[in-house]
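Printed here is work-v9.csv (CSV, C-alpha atoms and all ligand atoms):
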chain,number,residue,atom,x,y,z
A,1,MET,CA,92.8,60.1,138.5
A,2,ASN,CA,96.1,60.6,140.2
A,3,MET,CA,97.8,64.0,140.8
A,4,ILE,CA,100.2,63.8,137.8
A,5,THR,CA,97.3,63.1,135.3
A,6,LYS,CA,95.4,66.1,136.8
A,7,VAL,CA,98.3,68.4,136.4
A,8,LEU,CA,98.9,67.2,132.8
A,9,MET,CA,95.3,67.7,131.9
A,10,LEU,CA,95.3,71.2,133.4
A,11,MET,CA,98.5,72.1,131.4
A,12,ILE,CA,96.9,70.8,128.1
A,13,PHE,CA,93.8,72.8,128.9
A,14,PHE,CA,95.7,76.1,129.5
A,15,SER,CA,98.0,75.7,126.5
A,16,PHE,CA,94.9,75.1,124.2
A,17,SER,CA,93.1,78.2,125.5
A,18,PHE,CA,96.2,80.3,125.3
A,19,SER,CA,96.9,79.4,121.6
A,20,PHE,CA,93.2,79.9,120.8
A,21,SER,CA,93.1,83.4,122.2
A,22,PHE,CA,96.4,84.2,120.5
A,23,SER,CA,95.1,83.2,117.1
A,24,PHE,CA,91.8,84.9,117.9
A,25,PHE,CA,93.7,88.2,118.6
A,26,PHE,CA,95.7,88.0,115.4
A,27,PHE,CA,92.7,87.2,113.3
A,28,PHE,CA,90.9,90.3,114.3
A,29,VAL,CA,93.7,92.8,114.7
A,30,GLU,CA,93.5,95.6,112.2
A,31,HIS,CA,96.5,97.3,110.7
A,32,LYS,CA,96.1,101.0,109.9
A,33,VAL,CA,97.2,102.2,106.5
A,34,ILE,CA,97.1,105.8,105.1
A,35,ILE,CA,97.1,106.3,101.3
A,36,VAL,CA,98.7,109.6,100.5
A,37,GLY,CA,100.1,111.4,97.5
A,38,LEU,CA,99.4,114.4,95.4
A,39,ASP,CA,95.9,115.0,93.8
A,40,ASN,CA,95.2,113.0,90.7
A,41,ALA,CA,97.9,110.3,91.6
A,42,GLY,CA,95.3,107.5,91.6
A,43,LYS,CA,94.8,106.9,95.4
A,44,THR,CA,91.1,106.4,95.3
A,45,THR,CA,91.3,104.3,92.2
A,46,ILE,CA,93.8,102.0,94.0
A,47,LEU,CA,91.7,101.8,97.1
A,48,TYR,CA,88.6,100.6,95.2
A,49,GLN,CA,90.7,98.2,93.0
A,50,PHE,CA,91.8,96.6,96.3
A,51,LEU,CA,88.2,96.4,97.5
A,52,MET,CA,86.3,95.4,94.4
A,53,ASN,CA,88.9,94.5,91.7
A,54,GLU,CA,87.4,97.1,89.4
A,55,VAL,CA,87.9,100.6,88.3
A,56,VAL,CA,85.4,103.1,89.8
A,57,HIS,CA,84.7,106.5,88.5
A,58,THR,CA,86.4,109.0,90.9
A,59,SER,CA,86.2,112.7,91.6
A,60,PRO,CA,88.8,114.6,93.7
A,61,THR,CA,88.6,113.4,97.3
A,62,ILE,CA,87.6,116.0,99.8
A,63,GLY,CA,88.4,114.6,103.2
A,64,SER,CA,88.9,110.8,103.1
A,65,ASN,CA,87.5,107.4,102.2
A,66,VAL,CA,88.0,104.5,104.5
A,67,GLU,CA,87.6,100.8,103.7
A,68,GLU,CA,88.6,97.5,105.3
A,69,ILE,CA,90.7,95.3,103.0
A,70,VAL,CA,91.4,91.7,103.9
A,71,VAL,CA,94.4,89.9,102.4
A,72,LYS,CA,95.1,86.3,103.5
A,73,ASN,CA,93.4,86.8,106.9
A,74,THR,CA,95.2,90.1,107.4
A,75,HIS,CA,92.9,93.0,108.0
A,76,PHE,CA,94.0,96.4,106.9
A,77,LEU,CA,92.0,99.6,107.6
A,78,MET,CA,92.9,101.8,104.7
A,79,TRP,CA,92.4,105.6,104.8
A,80,ASP,CA,92.6,107.2,101.4
A,81,ILE,CA,93.2,110.9,102.0
A,82,GLY,CA,92.5,113.8,99.5
A,83,GLY,CA,95.8,115.1,98.0
A,84,GLN,CA,94.9,118.6,96.9
A,85,GLU,CA,97.3,121.3,98.1
A,86,SER,CA,94.8,122.8,100.5
A,87,LEU,CA,94.2,119.4,102.1
A,88,ARG,CA,97.8,118.3,102.7
A,89,SER,CA,98.2,120.3,105.9
A,90,SER,CA,95.6,118.1,107.5
A,91,TRP,CA,97.2,114.8,106.5
A,92,ASN,CA,98.8,114.7,110.0
A,93,THR,CA,95.4,114.3,111.7
A,94,TYR,CA,95.3,110.8,110.2
A,95,TYR,CA,98.8,109.7,111.4
A,96,SER,CA,98.3,108.3,114.9
A,97,ASN,CA,98.7,104.4,115.0
A,98,THR,CA,99.6,104.2,111.3
A,99,GLU,CA,101.5,101.0,110.5
A,100,PHE,CA,101.8,101.6,106.8
A,101,ILE,CA,102.0,104.6,104.5
A,102,ILE,CA,101.1,104.0,100.9
A,103,LEU,CA,102.5,106.8,98.9
A,104,VAL,CA,101.0,107.0,95.4
A,105,VAL,CA,103.1,108.7,92.7
A,106,ASP,CA,101.7,109.7,89.3
A,107,SER,CA,104.6,108.4,87.2
A,108,ILE,CA,103.9,110.8,84.3
A,109,ASP,CA,103.8,113.9,86.5
A,110,ARG,CA,107.6,114.8,86.4
A,111,GLU,CA,107.0,118.5,87.3
A,112,ARG,CA,105.5,117.7,90.7
A,113,LEU,CA,107.8,114.9,91.8
A,114,ALA,CA,109.8,117.5,93.8
A,115,ILE,CA,106.6,118.3,95.8
A,116,THR,CA,106.0,114.6,96.4
A,117,ARG,CA,109.6,114.3,97.7
A,118,GLU,CA,109.0,117.2,100.1
A,119,GLU,CA,105.8,115.6,101.4
A,120,LEU,CA,107.5,112.2,101.8
A,121,TYR,CA,110.3,113.6,104.0
A,122,ARG,CA,107.9,115.7,106.0
A,123,MET,CA,105.9,112.6,106.8
A,124,LEU,CA,108.9,110.5,107.7
A,125,ALA,CA,110.1,113.1,110.2
A,126,HIS,CA,106.7,113.1,111.9
A,127,GLU,CA,106.8,111.5,115.4
A,128,ASP,CA,103.5,109.7,114.9
A,129,LEU,CA,104.9,107.9,111.8
A,130,ARG,CA,108.2,106.9,113.2
A,131,LYS,CA,107.3,103.2,113.2
A,132,ALA,CA,105.5,103.2,109.9
A,133,ALA,CA,106.7,101.2,106.8
A,134,VAL,CA,106.4,102.9,103.4
A,135,LEU,CA,105.1,101.4,100.2
A,136,ILE,CA,105.6,103.6,97.2
A,137,PHE,CA,103.4,102.9,94.2
A,138,ALA,CA,104.8,104.2,90.9
A,139,ASN,CA,101.3,104.4,89.4
A,140,LYS,CA,100.1,105.0,85.8
A,141,GLN,CA,102.7,102.8,84.2
A,142,ASP,CA,100.4,102.5,81.2
A,143,MET,CA,101.1,106.1,80.2
A,144,LYS,CA,103.6,106.6,77.4
A,145,GLY,CA,106.8,108.3,78.5
A,146,CYS,CA,106.2,107.7,82.2
A,147,MET,CA,109.0,107.5,84.8
A,148,THR,CA,110.1,104.0,85.8
A,149,ALA,CA,110.1,102.9,89.4
A,150,ALA,CA,113.9,103.1,89.3
A,151,GLU,CA,113.9,106.7,88.2
A,152,ILE,CA,111.4,107.7,90.9
A,153,SER,CA,113.3,105.8,93.5
A,154,LYS,CA,116.5,107.7,92.5
A,155,TYR,CA,114.8,111.1,92.5
A,156,LEU,CA,113.2,110.4,95.9
A,157,THR,CA,116.6,109.1,97.2
A,158,LEU,CA,114.8,106.2,98.7
A,159,SER,CA,118.1,104.4,99.4
A,160,SER,CA,118.9,107.1,101.9
A,161,ILE,CA,115.9,106.1,104.1
A,162,LYS,CA,117.4,104.0,106.9
A,163,ASP,CA,114.9,104.5,109.7
A,164,HIS,CA,111.7,103.2,107.9
A,165,PRO,CA,111.3,100.0,105.9
A,166,TRP,CA,110.3,100.9,102.4
A,167,HIS,CA,109.5,99.3,99.1
A,168,ILE,CA,108.7,100.7,95.6
A,169,GLN,CA,106.4,98.9,93.3
A,170,SER,CA,105.4,100.0,89.8
A,171,CYS,CA,101.7,99.6,89.0
A,172,CYS,CA,98.7,100.6,86.9
A,173,ALA,CA,95.6,101.1,88.9
A,174,LEU,CA,93.4,100.8,85.8
A,175,THR,CA,94.4,97.2,85.1
A,176,GLY,CA,95.3,96.4,88.7
A,177,GLU,CA,98.8,95.3,87.6
A,178,GLY,CA,101.4,95.5,90.4
A,179,LEU,CA,98.8,96.1,93.2
A,180,CYS,CA,98.9,92.6,94.6
A,181,GLN,CA,102.7,92.6,94.8
A,182,GLY,CA,102.5,95.8,96.9
A,183,LEU,CA,100.0,94.2,99.3
A,184,GLU,CA,102.2,91.1,99.5
A,185,TRP,CA,105.1,93.2,100.6
A,186,MET,CA,102.9,94.8,103.3
A,187,THR,CA,101.7,91.4,104.6
A,188,SER,CA,105.3,90.2,104.7
A,189,ARG,CA,106.2,93.1,107.0
A,190,ILE,CA,103.6,92.1,109.6
A,191,GLY,CA,105.2,90.7,112.7
A,192,VAL,CA,108.7,92.0,111.7
A,193,SER,CA,109.8,94.7,114.1
A,201,LIG,N1,96.1,106.1,82.8
A,201,LIG,C1,95.9,105.9,84.1
A,201,LIG,N2,95.0,106.7,84.7
A,201,LIG,C2,94.8,106.4,86.1
A,201,LIG,C3,95.5,105.4,86.7
A,201,LIG,N3,95.2,105.4,88.1
A,201,LIG,C4,94.3,106.4,88.2
A,201,LIG,N4,94.1,107.0,87.0
A,201,LIG,C5,93.2,108.1,86.7
A,201,LIG,O1,93.7,109.3,87.4
A,201,LIG,C6,92.6,110.1,87.8
A,201,LIG,C7,92.7,110.5,89.2
A,201,LIG,O2,92.5,109.3,90.0
A,201,LIG,P1,92.0,109.3,91.5
A,201,LIG,O3,92.1,107.9,92.0
A,201,LIG,O4,90.7,110.1,91.7
A,201,LIG,O5,93.2,110.2,92.1
A,201,LIG,P2,93.4,110.6,93.7
A,201,LIG,O6,94.9,110.4,94.0
A,201,LIG,O7,92.4,109.9,94.6
A,201,LIG,O8,93.1,112.2,93.7
A,201,LIG,P3,92.6,113.1,94.9
A,201,LIG,O9,91.4,112.5,95.5
A,201,LIG,O10,92.3,114.5,94.3
A,201,LIG,O11,93.8,113.3,95.9
A,201,LIG,C8,91.3,109.4,87.4
A,201,LIG,O12,90.8,109.9,86.2
A,201,LIG,C9,91.8,107.9,87.3
A,201,LIG,O13,91.0,107.2,86.4
A,201,LIG,C10,96.5,104.6,86.0
A,201,LIG,O14,97.1,103.7,86.5
A,201,LIG,N5,96.6,104.9,84.7
A,202,MG,MG,90.9,110.5,95.8

Before anything else, please render the file you have as structure tokens.
Ligand SMILES: Nc1nc2c(ncn2[C@@H]2O[C@H](COP(=O)(O)OP(=O)(O)OP(=O)(O)O)[C@@H](O)[C@H]2O)c(=O)[nH]1
Ligand SMILES: [Mg+2]
Amino acid sequence: MNMITKVLMLMIFFSFSFSFSFSFFFFFVEHKVIIVGLDNAGKTTILYQFLMNEVVHTSPTIGSNVEEIVVKNTHFLMWDIGGQESLRSSWNTYYSNTEFIILVVDSIDRERLAITREELYRMLAHEDLRKAAVLIFANKQDMKGCMTAAEISKYLTLSSIKDHPWHIQSCCALTGEGLCQGLEWMTSRIGVS
């Protein structure tokens, strides 16, 4: 074997092992997601729809639930955090290394949309979430008289958010409608800086 053949074989070997470890890394990398929103918004129902494609019986979350959700080889580690007023001050203990915030809004709960708005902007100003992208689920679209995603978007002045990528998606956690579209937006953001 002459020198050129040896060098060529070495180059092929290294390029194969590099691309293998590269894909290995991306296959196992986990993207941290926090699911937040006021109590009764439907966060836990959404988490278990993602996991099992079914509606589970829920009770108010004290603390959090965590599950791994895999979408088209993308691994998300999703933290569903209790939304009761007394628990909101501890949301920030979950923020470090978060890549995605899923904010769940109860679209029938007009009275408390102002509180959701306050919580949203408090999160966006937090240093640990400065790189996070935000998916807003306008949940409970099956309820008569609910707000549309456009109304919620306007009230939350989402168009003014320039320093975080965001997307609003209407959904119904009971039927699962709209949830896949939300996940697709998240996977489409991966690798985009
Ligand atoms: N009609 C309707 N009800 C829903 C929908 N999603 C969730 N619910 C109901 O809303 C209630 C609260 O749902 P959860 O998922 O427990 O709410 P949560 O946001 O986790 O609440 P906390 O854990 O207290 O923060 C439950 O009775 C759900 O069945 C929906 O899309 N439509
Ligand atoms: Mg819950």

Work out how far atom CA of A:Gln181 is from atom CA of A:Met147, in Å to one decimal.
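Interatomic distance here is 19.0 Å.
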
Distance in Å - atom CA of A:Val66 versus atom CA of A:Asp80:
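So the answer is 6.2 Å.
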
Contacts of stretch 156-164 of chain A at 6 Å or less, counting only C-alpha atoms, minus same-chain residues fewer than 2 places along, as an MDAnalysis selection string?
chainID A and resid 117 133 152:154

If you keep C-alpha atoms, can you produce a file of those selected residues as a PDB file, in the coordinates of the input?
ATOM      1  CA  ARG A 117     109.600 114.300  97.700  1.00  0.00           C
ATOM      2  CA  ALA A 133     106.700 101.200 106.800  1.00  0.00           C
ATOM      3  CA  ILE A 152     111.400 107.700  90.900  1.00  0.00           C
ATOM      4  CA  SER A 153     113.300 105.800  93.500  1.00  0.00           C
ATOM      5  CA  LYS A 154     116.500 107.700  92.500  1.00  0.00           C
TER       6      LYS A 154
END

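Comparing A:Leu51, A:Gly82, A:Thr74, A:Lys6 by their smallest distance to ligand MG 202 (chain A), the closest is A:Gly82 (using only C-alpha atoms and all ligand atoms).
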
Separation of atom CA of A:Val29 from atom CA of A:Val70, in Å and rounded to one decimal
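Calculated distance between atom CA of A:Val29 and atom CA of A:Val70 is 11.1 Å.
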
Show me which residues line ligand MG 202 (chain A), defined as having an atom within 6 Å of a ligand atom where only C-alpha atoms and all ligand atoms count, and present them as JSON, numbers by chain.
{"A": [43, 44, 60, 61, 82]}

Pick out the residues sitting within 9 Å of A:Asp128, and hand them over as a list of chain:residue names; count only C-alpha atoms, and ignore anything fewer than 2 positions along from it in its own chain.
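My list of contacting residues is A:Asn92, A:Tyr95, A:Ser96, A:Asn97, A:Thr98, A:Met123, A:Ala125, A:His126, A:Arg130, A:Lys131, A:Ala132.
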
Let me see if you get this right: every residue at most 8 Å from ligand LIG 201 (chain A), counting all atoms listed in the file, written as a count of residues only.
38
